[in-house]
Amino acid sequence: MNIVVLAGGNSTEREVSIVSGQGVCGALRERNHRAVLLDAYFGREKLDEDLFPAEYDIEKEAAWMKAKSQELEETMKSRKEFFGPYVLDICKAADIVFLALHGANGEDGKVQSVLDLMGIPYTGSGHLSSAMAMDKGITKMVFEAAGVPTPKGITLDKKTCTSKLSDYGMDFPVIVKPCCGGSSVGVCIARNQKEYEMALAEAFSYENEAVVEQFIQGREFSVAVVDGKAYPVIEIAPLEGFYDYKNKYQEGSCVETCPADISVNLTKEMQMYAEQGYKALHLEAYARLDFIMDDEGNMYCLEANTLPGMTPTSLIPQEAKVIGMSYPRLCEKLIEVSFNKYR
């Protein structure tokens with residue numbers, strides 16, 4: 001197939017997206033697909049005659065995208081539109097677009113809406129479920145309504161909220177995070193009033209809404225759900241702190257164990273809640289749901305990621321490996337299940 005791997009973008013997770021896109025593009029090429037890597041925000045400097053060449057230098061394209069990152073801040077000041085030159089033209093020529101974008105303007109349903117309107121097939125969930133899952137406040141309400149356990153929490157508006165935690169019936173410690181952020185950017189633990197005020201300022205520096213939820217001390221897990229079925233549970237044990245941006249992407253910061261060293265019953269329960277959360281948010285094709293479990297075995301679903309990291313060492317590829325699925329085959333599988341939306 002002719003496949004566009006759409007990556008980059010203009011979110012705080014641009015660099016992670018480029019790494020995911022490079023990995024996916026290489027894997028699909030390994031499976032004999034004519035995949036090309038395309039920067040959603042910077043596009044192409046010219047439209048080549050052969051959009052999906054047999055011979056293609058992925059590393060060169062990724063290096064160009066990383067170099068363009070230096071221009072991102074200045075470009076965003078002067079340019080209003082999201083899509084770069086020729087992006088939609090190339091996407092229209094593809095059999096499918098593999099979305100390797102992360103964060104805002106990619107994972108929040110906006111790109112999906114444009115592709116839907118243009119009749120361009122793409123991987124992952126549709127625009128509505130993507131938007132719901134991106135908003136942690138809405139996700140929490142959906143989980144509560146569907147009976148999926150999730151930590152107690154509230155959504156605060158920058159203009160109207162107070163800095164007194166007790167006003168909301170909560171006690172320290174709490175987790176404070178931007179409402180629609182990803183990769184744990186801007187996420188802080190607050191154990192006292194001073195830390196809470198600093199955490200709110202950090203979250204509000206990214207957007208005007210923040211989610212504050214009760215901090216749960218425990219072990220961290222993740223479960224991929226592909227085509228509605230849960231994959232093996234993976235445990236993530238940071239060597240220091242919690243599973244924040246640094247620990248997610250700095251090599252050697254975490255010990256990742258798959259399948260997780262928990263009982264069969266706890267495994268089945270977590271997989272059940274992952275599937276329920278996936279269904280409640282009306283997700284499609286694939287997603288990754290993150291959990292924390294306390295010492296008594298009580299588990300809480302924290303959020304759903306509709307476009308999770310897809311580097312060869314990311315969490316979903318590790319889970320797939322346990323069931324005998326290689327990284328290139330997984331990339332193909334995600335395309336196959338995504339086509340179900342269009343049948």
# chains A, B, ... in the order shown; residues from 1 in each chain; ligands from 1
>>> select_by_dssp(residues="region 70-133 of chain A", states="strand (DSSP E or B)", output="list in words")
Ile96, Val97, Phe98, Leu99 and Tyr122 of chain A
>>> residues_around(residues="Thr257 (chain A)", least_positions_apart="6", cutoff="10 Å", atoms="only C-alpha atoms", output="tab-separated table (two decimals) with N, CA and C atoms, in the first residue's frame")
chain	number	residue	atom	x	y	z
A	221	PHE	N	0.81	0.88	35.67
A	221	PHE	CA	0.63	-0.13	34.63
A	221	PHE	C	0.03	0.52	33.38
A	233	VAL	N	-0.75	-6.99	30.19
A	233	VAL	CA	-0.49	-5.82	31.04
A	233	VAL	C	1.02	-5.60	31.17
A	234	ILE	N	1.44	-4.33	31.09
A	234	ILE	CA	2.85	-3.99	31.29
A	234	ILE	C	2.97	-3.10	32.53
A	235	GLU	N	3.96	-3.36	33.36
A	235	GLU	CA	4.21	-2.52	34.53
A	235	GLU	C	5.37	-1.58	34.24
A	236	ILE	N	5.22	-0.32	34.64
A	236	ILE	CA	6.27	0.68	34.47
A	236	ILE	C	6.72	1.12	35.86
A	237	ALA	N	7.97	0.87	36.18
A	237	ALA	CA	8.50	1.21	37.50
A	237	ALA	C	9.62	2.23	37.35
A	315	LEU	N	5.51	1.14	24.73
A	315	LEU	CA	4.78	0.16	25.54
A	315	LEU	C	3.96	-0.81	24.71
A	318	GLN	N	5.96	-3.51	23.08
A	318	GLN	CA	6.42	-4.49	24.07
A	318	GLN	C	5.31	-5.48	24.40
A	319	GLU	N	4.09	-4.99	24.53
A	319	GLU	CA	2.96	-5.88	24.81
A	319	GLU	C	2.71	-6.82	23.64
>>> residues_around(residues="Gly124 (chain A)", least_positions_apart="5", cutoff="9 Å", atoms="only C-alpha atoms", output="number ranges by chain")
A: 98-99, 130, 283-287, 306-307, 334-335, 337-338
>>> write_last_selection(atoms="N, CA, C and O atoms", output="PDB file, in the first residue's frame")
ATOM      1  N   PHE A  98      -1.175   6.915   8.372  1.00  0.00           N
ATOM      2  CA  PHE A  98      -0.861   6.388   9.699  1.00  0.00           C
ATOM      3  C   PHE A  98      -0.533   7.587  10.588  1.00  0.00           C
ATOM      4  O   PHE A  98       0.469   8.269  10.392  1.00  0.00           O
ATOM      5  N   LEU A  99      -1.391   7.852  11.572  1.00  0.00           N
ATOM      6  CA  LEU A  99      -1.208   9.009  12.437  1.00  0.00           C
ATOM      7  C   LEU A  99      -0.179   8.700  13.529  1.00  0.00           C
ATOM      8  O   LEU A  99      -0.438   7.934  14.450  1.00  0.00           O
ATOM      9  N   SER A 130     -11.552  10.865  19.887  1.00  0.00           N
ATOM     10  CA  SER A 130     -10.214  11.416  20.107  1.00  0.00           C
ATOM     11  C   SER A 130     -10.294  12.668  20.974  1.00  0.00           C
ATOM     12  O   SER A 130      -9.492  12.853  21.906  1.00  0.00           O
ATOM     13  N   LEU A 283     -13.760   4.482  21.575  1.00  0.00           N
ATOM     14  CA  LEU A 283     -12.495   4.454  20.853  1.00  0.00           C
ATOM     15  C   LEU A 283     -12.548   3.405  19.752  1.00  0.00           C
ATOM     16  O   LEU A 283     -13.341   2.465  19.810  1.00  0.00           O
ATOM     17  N   GLU A 284     -11.677   3.581  18.766  1.00  0.00           N
ATOM     18  CA  GLU A 284     -11.654   2.680  17.612  1.00  0.00           C
ATOM     19  C   GLU A 284     -10.224   2.272  17.291  1.00  0.00           C
ATOM     20  O   GLU A 284      -9.281   3.016  17.548  1.00  0.00           O
ATOM     21  N   ALA A 285     -10.089   1.099  16.739  1.00  0.00           N
ATOM     22  CA  ALA A 285      -8.801   0.562  16.254  1.00  0.00           C
ATOM     23  C   ALA A 285      -7.861   0.207  17.390  1.00  0.00           C
ATOM     24  O   ALA A 285      -7.603  -0.969  17.650  1.00  0.00           O
ATOM     25  N   TYR A 286      -7.321   1.200  18.062  1.00  0.00           N
ATOM     26  CA  TYR A 286      -6.396   0.891  19.161  1.00  0.00           C
ATOM     27  C   TYR A 286      -6.239   2.085  20.090  1.00  0.00           C
ATOM     28  O   TYR A 286      -6.514   3.235  19.718  1.00  0.00           O
ATOM     29  N   ALA A 287      -5.796   1.801  21.294  1.00  0.00           N
ATOM     30  CA  ALA A 287      -5.522   2.833  22.288  1.00  0.00           C
ATOM     31  C   ALA A 287      -4.703   2.195  23.400  1.00  0.00           C
ATOM     32  O   ALA A 287      -4.512   0.972  23.435  1.00  0.00           O
ATOM     33  N   THR A 306      -5.060   7.881  22.729  1.00  0.00           N
ATOM     34  CA  THR A 306      -5.566   7.413  21.443  1.00  0.00           C
ATOM     35  C   THR A 306      -4.472   7.273  20.391  1.00  0.00           C
ATOM     36  O   THR A 306      -4.627   6.520  19.436  1.00  0.00           O
ATOM     37  N   LEU A 307      -3.367   8.010  20.552  1.00  0.00           N
ATOM     38  CA  LEU A 307      -2.218   7.864  19.655  1.00  0.00           C
ATOM     39  C   LEU A 307      -0.962   7.717  20.519  1.00  0.00           C
ATOM     40  O   LEU A 307      -0.128   8.628  20.585  1.00  0.00           O
ATOM     41  N   LEU A 334      -2.311  -2.459  13.098  1.00  0.00           N
ATOM     42  CA  LEU A 334      -3.034  -1.237  13.454  1.00  0.00           C
ATOM     43  C   LEU A 334      -3.694  -0.614  12.229  1.00  0.00           C
ATOM     44  O   LEU A 334      -4.759   0.003  12.337  1.00  0.00           O
ATOM     45  N   ILE A 335      -3.077  -0.788  11.071  1.00  0.00           N
ATOM     46  CA  ILE A 335      -3.699  -0.324   9.830  1.00  0.00           C
ATOM     47  C   ILE A 335      -4.910  -1.189   9.497  1.00  0.00           C
ATOM     48  O   ILE A 335      -5.985  -0.682   9.141  1.00  0.00           O
ATOM     49  N   VAL A 337      -6.905  -2.989  11.461  1.00  0.00           N
ATOM     50  CA  VAL A 337      -8.065  -2.777  12.330  1.00  0.00           C
ATOM     51  C   VAL A 337      -8.653  -1.380  12.126  1.00  0.00           C
ATOM     52  O   VAL A 337      -9.846  -1.167  12.350  1.00  0.00           O
ATOM     53  N   SER A 338      -7.824  -0.431  11.686  1.00  0.00           N
ATOM     54  CA  SER A 338      -8.332   0.922  11.426  1.00  0.00           C
ATOM     55  C   SER A 338      -9.253   0.941  10.213  1.00  0.00           C
ATOM     56  O   SER A 338     -10.183   1.759  10.151  1.00  0.00           O
TER      57      SER A 338
END
>>> select_by_dssp(residues="region 89-189 of chain A", states="helix (DSSP H, G or I)", output="PyMOL selection string")
chain A and resi 89-93+110-118+127-134+136-146+165-168
>>> atom_distance(atom1="CA of Ile216 (chain A)", atom2="CA of Thr311 (chain A)")
28.5 Å
>>> residues_around(residues="Ile120 (chain A)", least_positions_apart="4", cutoff="7 Å", atoms="only C-alpha atoms", output="PDB file with N, CA, C and O atoms, in the first residue's frame")
ATOM      1  N   LYS A  92      -4.117  12.769   0.395  1.00  0.00           N
ATOM      2  CA  LYS A  92      -5.205  12.354  -0.501  1.00  0.00           C
ATOM      3  C   LYS A  92      -4.757  11.271  -1.478  1.00  0.00           C
ATOM      4  O   LYS A  92      -5.564  10.450  -1.913  1.00  0.00           O
ATOM      5  N   ILE A  96      -3.901   5.102   2.944  1.00  0.00           N
ATOM      6  CA  ILE A  96      -4.259   5.395   4.327  1.00  0.00           C
ATOM      7  C   ILE A  96      -3.167   6.263   4.941  1.00  0.00           C
ATOM      8  O   ILE A  96      -2.010   6.230   4.504  1.00  0.00           O
ATOM      9  N   LEU A 115      -9.446  15.120   8.030  1.00  0.00           N
ATOM     10  CA  LEU A 115      -9.322  13.927   7.195  1.00  0.00           C
ATOM     11  C   LEU A 115     -10.690  13.306   6.931  1.00  0.00           C
ATOM     12  O   LEU A 115     -10.956  12.817   5.828  1.00  0.00           O
ATOM     13  N   ASP A 116     -11.559  13.332   7.944  1.00  0.00           N
ATOM     14  CA  ASP A 116     -12.920  12.817   7.748  1.00  0.00           C
ATOM     15  C   ASP A 116     -13.648  13.607   6.671  1.00  0.00           C
ATOM     16  O   ASP A 116     -14.309  13.038   5.785  1.00  0.00           O
TER      17      ASP A 116
END
>>> atom_distance(atom1="CA of Met132 (chain A)", atom2="CA of Cys180 (chain A)")
9.6 Å
>>> closest_residue(among="A:Ser69, A:Asn10, A:Thr139, A:Thr123", to="Val97 (chain A)", atoms="only C-alpha atoms")
A:Thr123
>>> closest_residue(among="A:Ala40, A:Val176, A:Gly297, A:Arg343", to="Glu197 (chain A)", atoms="only C-alpha atoms")
A:Val176
>>> atom_distance(atom1="CA of Ala67 (chain A)", atom2="CA of Thr12 (chain A)")
15.6 Å
>>> closest_residue(among="A:Met1, A:Cys161, A:Leu51, A:Leu88", to="His33 (chain A)", atoms="only C-alpha atoms")
A:Met1
>>> residues_around(residues="Pro85 (chain A)", least_positions_apart="6", cutoff="10 Å", atoms="only C-alpha atoms", output="MDAnalysis selection string")
chainID A and resid 39:47
>>> write_last_selection(atoms="N, CA, C and O atoms", output="short mmCIF file (atom, residue, chain, number, x, y, z; two decimals), in the first residue's frame")
data_model
loop_
_atom_site.label_atom_id
_atom_site.label_comp_id
_atom_site.auth_asym_id
_atom_site.auth_seq_id
_atom_site.Cartn_x
_atom_site.Cartn_y
_atom_site.Cartn_z
N ASP A 39 5.89 15.57 7.59
CA ASP A 39 5.72 16.51 8.69
C ASP A 39 4.41 17.26 8.49
O ASP A 39 4.23 18.00 7.52
N ALA A 40 3.47 17.06 9.42
CA ALA A 40 2.15 17.67 9.29
C ALA A 40 2.23 19.19 9.27
O ALA A 40 1.44 19.85 8.57
N TYR A 41 3.16 19.77 10.00
CA TYR A 41 3.23 21.23 10.13
C TYR A 41 4.11 21.89 9.07
O TYR A 41 3.76 22.93 8.52
N PHE A 42 5.24 21.29 8.75
CA PHE A 42 6.15 21.91 7.78
C PHE A 42 6.00 21.34 6.37
O PHE A 42 6.51 21.93 5.41
N GLY A 43 5.32 20.21 6.25
CA GLY A 43 5.03 19.67 4.93
C GLY A 43 6.26 19.37 4.10
O GLY A 43 7.25 18.82 4.58
N ARG A 44 6.20 19.73 2.83
CA ARG A 44 7.30 19.49 1.89
C ARG A 44 7.65 20.80 1.18
O ARG A 44 6.79 21.65 0.95
N GLU A 45 8.90 20.93 0.82
CA GLU A 45 9.33 22.13 0.11
C GLU A 45 8.90 22.10 -1.35
O GLU A 45 8.75 23.13 -2.00
N LYS A 46 8.68 20.89 -1.89
CA LYS A 46 8.17 20.75 -3.25
C LYS A 46 7.40 19.43 -3.35
O LYS A 46 7.58 18.53 -2.52
N LEU A 47 6.56 19.34 -4.36
CA LEU A 47 5.76 18.13 -4.57
C LEU A 47 6.45 17.25 -5.59
O LEU A 47 6.53 17.58 -6.78
#
